[in-house]
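To keep things clear, I will list the structure first and then write my remarks on it.
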Amino acid sequence: MTVTVTMPALSPTMTEGTIARWLVKEGDSVNAGDVIAEIETDKATMEVEAADEGTVGRILVPAGSENVQVNTPIMILLEEGEDASALDQAAPVQPAPAPAAATPAAAPAPTPSPVPAALASPAAEEEIPAGVPMRTMTVREALRDAMAEEMRRDERVFLMGEEVAQYQGAYKVSQGLLEEFGDKRVIDTPITEHGFAGLGVGAGFGGLRPIVEFMTFNFAMQAMDQIINSAAKTLYMSGGQMGCPIVFRGPNGAASRVAAQHSQCYASWYGHVPGLKVVAPCSAADAKGLLKAAIRDPNPVIFLENEILYGHSGEVPEIDDFVLPIGKAKIVRPGKDVTIAAFSIMVEKAMSAAEALAEQGIDAEVIDLRSIRPLDMATVCASLRKTNRLVTCEEGWPQYGVGAEIAARAMEEAFDYLDAPVVRVTGADVPMPYAANLETLALPQPETIIEAARRVCYR
Amino acid sequence: MARATRKTPSKPGGGKAASGKAPAKRTARKTAAKRGPAAGEAVIPLPDRDTTFSLYRQMLLIRRFEEKAGQMYGMGLIGGFCHLYIGQEAVVVGLQSVKEPQDPVITSYRDHGHMLACGIDPKAVMAELTGRAGGLSKGKGGSMHMFSREKGFYGGHGIVGAQVPLGTGLAFAQKYQQTNGVSLTYFGDGSANQGQVYESFNMAELWRLPVLYVIENNQYAMGTAVRRASAQAELFRRGESFNVPGKPVDGMDVLAVREAGREALDFIRGGNGPMILEMKTYRYRGHSMSDPAKYRSKEEVNRMRAEHDPIDQLKKRMLAEGMADEAALKEVDREVKAVVSEAAEYAQNCPEPDPSELYTDVLIDA
């Protein structure tokens with residue numbers, strides 16, 4: 001029996017990768033543990049080791065192949081005593097759904113329900129002038145470009161954080177920045193969130209424009225005092241004399257299978273605090289335009305990214321200086337029956353829910369909030385006056401969440417227009433479980449949103 | 001951020017090096033704060049007349065200002081927390097007299113003295129204490145939260161130890177912008193046990209940041225004596241595992257503070273990275289106005305006042321060495337009293353902030 005080696009999942013969120021190079025050729029014999037290939041994931045270049053011994057029978061996917069889906073057969077290994085004729089019975093060259101992978105790391109990454117890879121209807125984006133050429137890029141690239149452009153524009157802007165420089169970013173967001181800007185402006189820190197967040201705030205007081213990357217916002221809890229007490233409050237406490245222009249950015253919310261301490265949404269935590277701006281984009285274009293705005297903003301801005309979205313692509317306008325205003329929501333799908341307000345990755349889930357709802361005769365309007373603070377209730381209420389029904393979506397916990405705030409404000413500002421109680425779709429009120437099935441249950445899925453939308457429509 | 005080869009600071013004046021000393025010296029060190037210059041230590045000469053008078057005047061201004069603040073607190077004119085600097089005047093006055101104009105200053109909530117030493121108008125400081133519109137923060141900050149970028153004073157921070165990473169960040173900005181400035185980052189013996197202080201030491205040394213860490217060891221973190229809270233009570237040694245050199249200084253002697261400060265600032269400005277000065281000092285009053293200070297004896301306080309008062313010490317030297325006579329010093333006293341009276345007057349007559357100020361200064365218009 002030949003052994004089929006498949007494309008391994010090498011990170012919790014990896015769904016595809018690039019075969020950078022093969023370190024073996026057909027006819028080579030390999031032992032378990034030998035490095036057979038280098039694979040570029042969404043985060044890093046990883047070496048892949050053989051899990052079995054044998055002879056390389058056939059390389060199915062040549063070096064340089066991009067977007068190779070996880071679990072695609074990439075090589076066939078002949079076992080002892082087999083010759084090339086065994087290859088004929090071997091797996092055909094097409095994605096194998098079977099989890100019977102040769103490498104131990106090859107368990108399929110549990111992706112939640114299918115979501116569109118890129119958000120549709122950039123045409124509805126009034127912020128982008130008609131006729132502007134667009135370029136497809138990942139959210140990751142859009143964020144990197146935003147930082148690079150602002151660093152070229154303003155000498156005071158620098159990036160610091162764990163693994164941002166030599167490692168090129170734990171999630172590759174800062175790829176290439178060290179090379180372009182040098183180690184004065186792209187700075188690897190020790191693992192010391194409280195300290196480097198405070199150092200960043202001090203540098204902001206001292207006239208610089210720091211971008212502080214948290215490897216994930218889970219670790220920023222260690223720095224909470226400096227973010228709230230030093231960054232957010234000083235302008236007020238100084239009677240307007242001394243503000244802190246700083247961006248704290250990094251992935252927020254659940255990634256995939258990283259359990260309770262690494263899967264938490266902080267939108268409502270930061271959204272609570274006067275003196276902060278809180279941004280949580282979904283699309284690549286918004287990621288770029290809003291990060292550029294955040295870096296230029298004279299106030300502390302919390303920029304909540306999402307690990308799963310990093311690899312998602314979208315169209316970004318090729319304009320010299322594409323900056324979007326902070327604090328404006330965007331209608332990403334117009335509709336007339338129910339308003340669904342979401343942010344970050346929940347926008348993608350809301351979009352797939354809306355498509356399914358359309359098939360059931362419910363025309364949902366999906367709003368990407370984009371900014372958590374300030375919160376664009378004007379856009380939400382305008383939509384509500386049209387649809388008279390509102391569903392909010394977030395990954396965070398229900399109590400005192402973003403949805404709780406929107407529901408309260410909808411009641412205060414548009415009570416007469418509500419034909420049904422607002423329904424909040426949120427994460428389950430539990431720490432994030434590890435088991436795949438429980439994690440799926442803990443996170444809001446398109447089905448949850450569909451159900452909520454039907455409920456407010458009394459359907 | 002490349003590292004240069006490390007130089008060791010020279011340590012004349014009898015200061016102990018930060019490293020290489022066995023902990024066996026503990027008992028000898030115990031009394032360090034309570035003595036003056038050790039036998040055999042050279043007496044530091046007084047600086048020129050103008051400088052000496054300025055030191056005297058500055059210390060006296062802080063003393064009288066703080067006494068007045070205490071009095072006004074008692075009258076209900078000042079609210080909330082109010083931490084007085086009385087007894088510690090030599091530390092900030094000494095260091096301020098040897099720093100360069102571009103060197104930023106940052107400290108904790110015991111900050112009135114630092115602001116006065118930075119040249120901030122006493123009227124604006126006192127009016128902030130009374131919560132009036134003419135206060136440095138328009139009445140929105142209070143005793144613990146005042147700032148003046150113009151004067152290089154970056155607060156005024158109410159969370160114990162938080163100013164240490166912030167001051168390290170100010171140093172980062174000096175290096176980045178090549179100002180040749182050194183960040184003077186003050187904190188107390190209480191802060192010295194905060195984890196973020198050590199995170200800062202690590203980064204400051206790693207990146208050779210120009211920061212002078214000034215530990216104002218006034219012996220008590222609120223009511224807890226240093227020895228009850230610190231496994232290593234020689235706080236100047238707290239940088240050892242990060243290779244940050246430190247030195248103990250008689251913080252009750254403004255001349256000793258100046259000398260140590262000058263050396264340390266030269267060392268840091270020379271591109272050698274951070275340094276720690278542990279200022280052995282003493283506060284005469286309680287931690288804040290509401291602290292009856294039952295954790296120490298009256299005798300201890302009286303002995304410190306009688307034997308080590310920074311203002312009296314300088315005054316004695318000025319008189320003994322013929323630099324000043326009683327009349328000249330009286331004149332300084334009168335001047336200072338007038339400044340403080342004017343500040344108190346202003347702070348009481350100034351209106352409270354307009355109600356419309358409630359919602360201003362939360363964000364800057366982008």
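For the structure tokens, the naming scheme is as follows: chains receive sequential letters (A, B, ...) according to their order of presentation, residues are indexed from 1 within each chain, and ligands are indexed from 1 in presentation order.
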
_I'd like the neighbourhood of A:Val3 as a VMD selection string, where a residue qualifies if any of its atoms comes within 8 Å (using only C-alpha atoms), though same-chain residues fewer than 2 positions away should be ignored._
chain A and resid 1 5 76 to 79 102

_What's around A:Ile211 at 6 Å? Count only C-alpha atoms, leave out sequence neighbours fewer than 5 positions away in its own chain, and write the answer as a PyMOL selection string._
chain A and resi 158-159+246-247

*asked:* Could you list, as a PyMOL selection string, every residue within 7 Å of stretch 217-225 of chain A, counting only C-alpha atoms and ignoring same-chain residues fewer than 2 positions away?
replied: chain A and resi 193-194+197+214-215+227-229+250-252+261-262+264

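Neighbouring residues of A:Ala420 at 12 Å or closer, counting only C-alpha atoms and skipping chain neighbours under 5 positions away, are A:Asp337, A:Val338, A:Thr339, A:Leu384, A:Thr387, A:Asn388, A:Arg389, A:Leu390, A:Val391, A:Ala407, A:Ala410, A:Met411, A:Ala414, A:Phe415, A:Ala452, A:Ala453, A:Arg454, A:Arg455, A:Val456, A:Cys457, A:Tyr458, A:Arg459.
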
Near chain A, 9 Å: chain B residue rows, closest pairs, only C-alpha atoms, as JSON lines:
```
{"residue": "B:Met1", "atom": "CA", "partner": "A:Asp183", "partner_atom": "CA", "distance": 6.0}
{"residue": "B:Ala2", "atom": "CA", "partner": "A:Asp183", "partner_atom": "CA", "distance": 8.7}
{"residue": "B:Pro104", "atom": "CA", "partner": "A:Gly206", "partner_atom": "CA", "distance": 8.5}
{"residue": "B:Gly135", "atom": "CA", "partner": "A:Gly239", "partner_atom": "CA", "distance": 8.8}
{"residue": "B:Leu136", "atom": "CA", "partner": "A:Ser238", "partner_atom": "CA", "distance": 7.3}
{"residue": "B:Ser137", "atom": "CA", "partner": "A:Gly239", "partner_atom": "CA", "distance": 4.1}
{"residue": "B:Lys138", "atom": "CA", "partner": "A:Gly239", "partner_atom": "CA", "distance": 5.2}
{"residue": "B:Gly139", "atom": "CA", "partner": "A:Gly239", "partner_atom": "CA", "distance": 7.4}
{"residue": "B:Lys140", "atom": "CA", "partner": "A:Met237", "partner_atom": "CA", "distance": 5.4}
{"residue": "B:Gly141", "atom": "CA", "partner": "A:Met237", "partner_atom": "CA", "distance": 4.3}
{"residue": "B:Gly142", "atom": "CA", "partner": "A:Met237", "partner_atom": "CA", "distance": 8.0}
{"residue": "B:His145", "atom": "CA", "partner": "A:Met237", "partner_atom": "CA", "distance": 6.0}
{"residue": "B:Met146", "atom": "CA", "partner": "A:Ser238", "partner_atom": "CA", "distance": 5.8}
{"residue": "B:Phe147", "atom": "CA", "partner": "A:Ser238", "partner_atom": "CA", "distance": 5.7}
{"residue": "B:Ser148", "atom": "CA", "partner": "A:Gln241", "partner_atom": "CA", "distance": 7.3}
{"residue": "B:Arg149", "atom": "CA", "partner": "A:Met242", "partner_atom": "CA", "distance": 7.0}
{"residue": "B:Tyr154", "atom": "CA", "partner": "A:Phe205", "partner_atom": "CA", "distance": 7.6}
{"residue": "B:Gly155", "atom": "CA", "partner": "A:Ser238", "partner_atom": "CA", "distance": 8.7}
{"residue": "B:His157", "atom": "CA", "partner": "A:Ser230", "partner_atom": "CA", "distance": 8.0}
{"residue": "B:Gly158", "atom": "CA", "partner": "A:Asn229", "partner_atom": "CA", "distance": 8.7}
{"residue": "B:Ile159", "atom": "CA", "partner": "A:Asn229", "partner_atom": "CA", "distance": 8.0}
{"residue": "B:Ala162", "atom": "CA", "partner": "A:Gln226", "partner_atom": "CA", "distance": 7.0}
{"residue": "B:Gln163", "atom": "CA", "partner": "A:Gly198", "partner_atom": "CA", "distance": 8.1}
{"residue": "B:Val164", "atom": "CA", "partner": "A:Gly198", "partner_atom": "CA", "distance": 8.1}
{"residue": "B:Pro165", "atom": "CA", "partner": "A:Leu199", "partner_atom": "CA", "distance": 4.7}
{"residue": "B:Leu166", "atom": "CA", "partner": "A:Gly202", "partner_atom": "CA", "distance": 3.9}
{"residue": "B:Gly167", "atom": "CA", "partner": "A:Gly202", "partner_atom": "CA", "distance": 6.0}
{"residue": "B:Thr168", "atom": "CA", "partner": "A:Leu199", "partner_atom": "CA", "distance": 5.7}
{"residue": "B:Gly169", "atom": "CA", "partner": "A:Leu199", "partner_atom": "CA", "distance": 3.9}
{"residue": "B:Leu170", "atom": "CA", "partner": "A:Ala203", "partner_atom": "CA", "distance": 5.0}
{"residue": "B:Ala171", "atom": "CA", "partner": "A:Ala203", "partner_atom": "CA", "distance": 7.6}
{"residue": "B:Phe172", "atom": "CA", "partner": "A:Ala203", "partner_atom": "CA", "distance": 6.2}
{"residue": "B:Ala173", "atom": "CA", "partner": "A:Ala203", "partner_atom": "CA", "distance": 5.1}
{"residue": "B:Gln174", "atom": "CA", "partner": "A:Gly206", "partner_atom": "CA", "distance": 7.6}
{"residue": "B:Tyr176", "atom": "CA", "partner": "A:Lys184", "partner_atom": "CA", "distance": 7.5}
{"residue": "B:Gln177", "atom": "CA", "partner": "A:Arg156", "partner_atom": "CA", "distance": 8.4}
{"residue": "B:Gly195", "atom": "CA", "partner": "A:Gly195", "partner_atom": "CA", "distance": 8.5}
{"residue": "B:Gln196", "atom": "CA", "partner": "A:Gly195", "partner_atom": "CA", "distance": 5.3}
{"residue": "B:Val197", "atom": "CA", "partner": "A:Gly195", "partner_atom": "CA", "distance": 7.7}
{"residue": "B:Tyr198", "atom": "CA", "partner": "A:Gly195", "partner_atom": "CA", "distance": 8.3}
{"residue": "B:Glu199", "atom": "CA", "partner": "A:Gly195", "partner_atom": "CA", "distance": 5.2}
{"residue": "B:Ser200", "atom": "CA", "partner": "A:Gly195", "partner_atom": "CA", "distance": 5.8}
{"residue": "B:Asn202", "atom": "CA", "partner": "A:Pro190", "partner_atom": "CA", "distance": 8.5}
{"residue": "B:Met203", "atom": "CA", "partner": "A:Pro190", "partner_atom": "CA", "distance": 7.5}
{"residue": "B:Thr360", "atom": "CA", "partner": "A:Tyr236", "partner_atom": "CA", "distance": 7.6}
{"residue": "B:Asp361", "atom": "CA", "partner": "A:Gly240", "partner_atom": "CA", "distance": 4.8}
{"residue": "B:Val362", "atom": "CA", "partner": "A:Gly275", "partner_atom": "CA", "distance": 5.1}
{"residue": "B:Leu363", "atom": "CA", "partner": "A:Gly275", "partner_atom": "CA", "distance": 5.6}
{"residue": "B:Ile364", "atom": "CA", "partner": "A:Pro298", "partner_atom": "CA", "distance": 6.3}
{"residue": "B:Asp365", "atom": "CA", "partner": "A:Pro298", "partner_atom": "CA", "distance": 7.7}
{"residue": "B:Ala366", "atom": "CA", "partner": "A:Asp297", "partner_atom": "CA", "distance": 5.5}
```

*asked:* Set the distance at 7 Å and use only C-alpha atoms: which residues neighbour A:Gly289 once local chain neighbours fewer than 3 positions away are removed? I'd like the list as a ChimeraX atom specification.
replied: /A:285-286,292-293,322-324

*Would you please work out which residue, of B:Phe187, B:Tyr213, B:Tyr295, B:Phe242, is nearest to B:Ala225 when using only C-alpha atoms?*
B:Tyr295

*Which polymer residues have any atom within 7 Å of an atom of B:Tyr186, counting only C-alpha atoms, with same-chain residues fewer than 4 positions away left out, as a ChimeraX atom specification?*
/B:106-107,213-216

*Between atom CA of A:Met134 and atom CA of A:His312, distance in Å (one decimal)*: 15.8 Å

*Extract, using only C-alpha atoms, all DNA, RNA and protein residues at most 7 Å from stretch 340-351 of chain A, discarding same-chain residues fewer than 3 positions from it, and format them as a list in words.*
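Skipping anything fewer than 3 positions along the chain leaves Val115, Pro116, Ala280, Pro281, Cys282, Asn306, Leu309, Ala354, Glu355, Ala364, Glu365, Val366, Ile367, Asp368, Leu369, Arg370, Leu390, Val391, Thr392, Cys393, Glu394, Gln445, Pro446 and Ile449 of chain A.
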
Take the residues that were just selected and, keeping N, CA and C atoms, output them as a compact mmCIF listing (two decimals), in the first residue's frame.
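For reference, result18.txt as written:
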```txt
# COMPACT_ATOMS: atom_id res chain seq x y z
N VAL A 115 -18.21 30.61 4.55
CA VAL A 115 -18.43 32.06 4.49
C VAL A 115 -17.84 32.54 3.17
N PRO A 116 -18.40 33.58 2.62
CA PRO A 116 -17.83 34.08 1.37
C PRO A 116 -16.40 34.57 1.58
N ALA A 280 -13.14 47.87 14.43
CA ALA A 280 -13.10 46.42 14.18
C ALA A 280 -13.57 46.14 12.75
N PRO A 281 -12.66 46.26 11.78
CA PRO A 281 -13.06 46.10 10.38
C PRO A 281 -13.20 44.63 9.99
N CYS A 282 -13.86 44.42 8.87
CA CYS A 282 -14.01 43.07 8.34
C CYS A 282 -13.29 42.94 6.99
N ASN A 306 -8.85 40.22 13.21
CA ASN A 306 -9.35 38.87 13.43
C ASN A 306 -8.45 37.90 12.69
N LEU A 309 -9.77 36.27 9.57
CA LEU A 309 -9.94 37.20 8.43
C LEU A 309 -8.62 37.55 7.75
N ALA A 354 -27.70 36.19 5.42
CA ALA A 354 -28.60 37.00 4.59
C ALA A 354 -28.91 36.30 3.27
N GLU A 355 -27.88 35.65 2.70
CA GLU A 355 -28.12 34.92 1.45
C GLU A 355 -29.15 33.81 1.67
N ALA A 364 -32.74 40.76 4.11
CA ALA A 364 -32.03 41.34 5.25
C ALA A 364 -31.09 42.44 4.81
N GLU A 365 -31.01 43.49 5.63
CA GLU A 365 -30.01 44.54 5.42
C GLU A 365 -28.88 44.29 6.41
N VAL A 366 -27.67 44.16 5.88
CA VAL A 366 -26.53 43.87 6.77
C VAL A 366 -25.68 45.12 6.93
N ILE A 367 -25.47 45.50 8.18
CA ILE A 367 -24.64 46.67 8.49
C ILE A 367 -23.33 46.21 9.09
N ASP A 368 -22.23 46.65 8.50
CA ASP A 368 -20.91 46.43 9.11
C ASP A 368 -20.63 47.66 9.97
N LEU A 369 -20.66 47.47 11.29
CA LEU A 369 -20.49 48.62 12.19
C LEU A 369 -19.11 49.27 12.02
N ARG A 370 -18.10 48.48 11.76
CA ARG A 370 -16.71 48.93 11.55
C ARG A 370 -16.10 49.61 12.77
N LEU A 390 -34.50 44.36 14.26
CA LEU A 390 -33.05 44.46 14.44
C LEU A 390 -32.47 43.22 15.13
N VAL A 391 -31.41 42.72 14.52
CA VAL A 391 -30.63 41.63 15.12
C VAL A 391 -29.19 42.12 15.23
N THR A 392 -28.57 41.92 16.38
CA THR A 392 -27.15 42.27 16.52
C THR A 392 -26.33 41.00 16.59
N CYS A 393 -25.09 41.07 16.11
CA CYS A 393 -24.23 39.88 16.08
C CYS A 393 -22.85 40.20 16.63
N GLU A 394 -22.38 39.40 17.53
CA GLU A 394 -21.01 39.53 18.02
C GLU A 394 -20.55 38.20 18.57
N GLN A 445 -23.17 31.17 14.74
CA GLN A 445 -23.01 30.67 13.38
C GLN A 445 -24.08 31.32 12.50
N PRO A 446 -23.92 31.25 11.18
CA PRO A 446 -24.95 31.80 10.30
C PRO A 446 -26.34 31.26 10.66
N ILE A 449 -27.89 33.24 13.30
CA ILE A 449 -28.35 34.55 12.82
C ILE A 449 -29.65 34.39 12.03
```
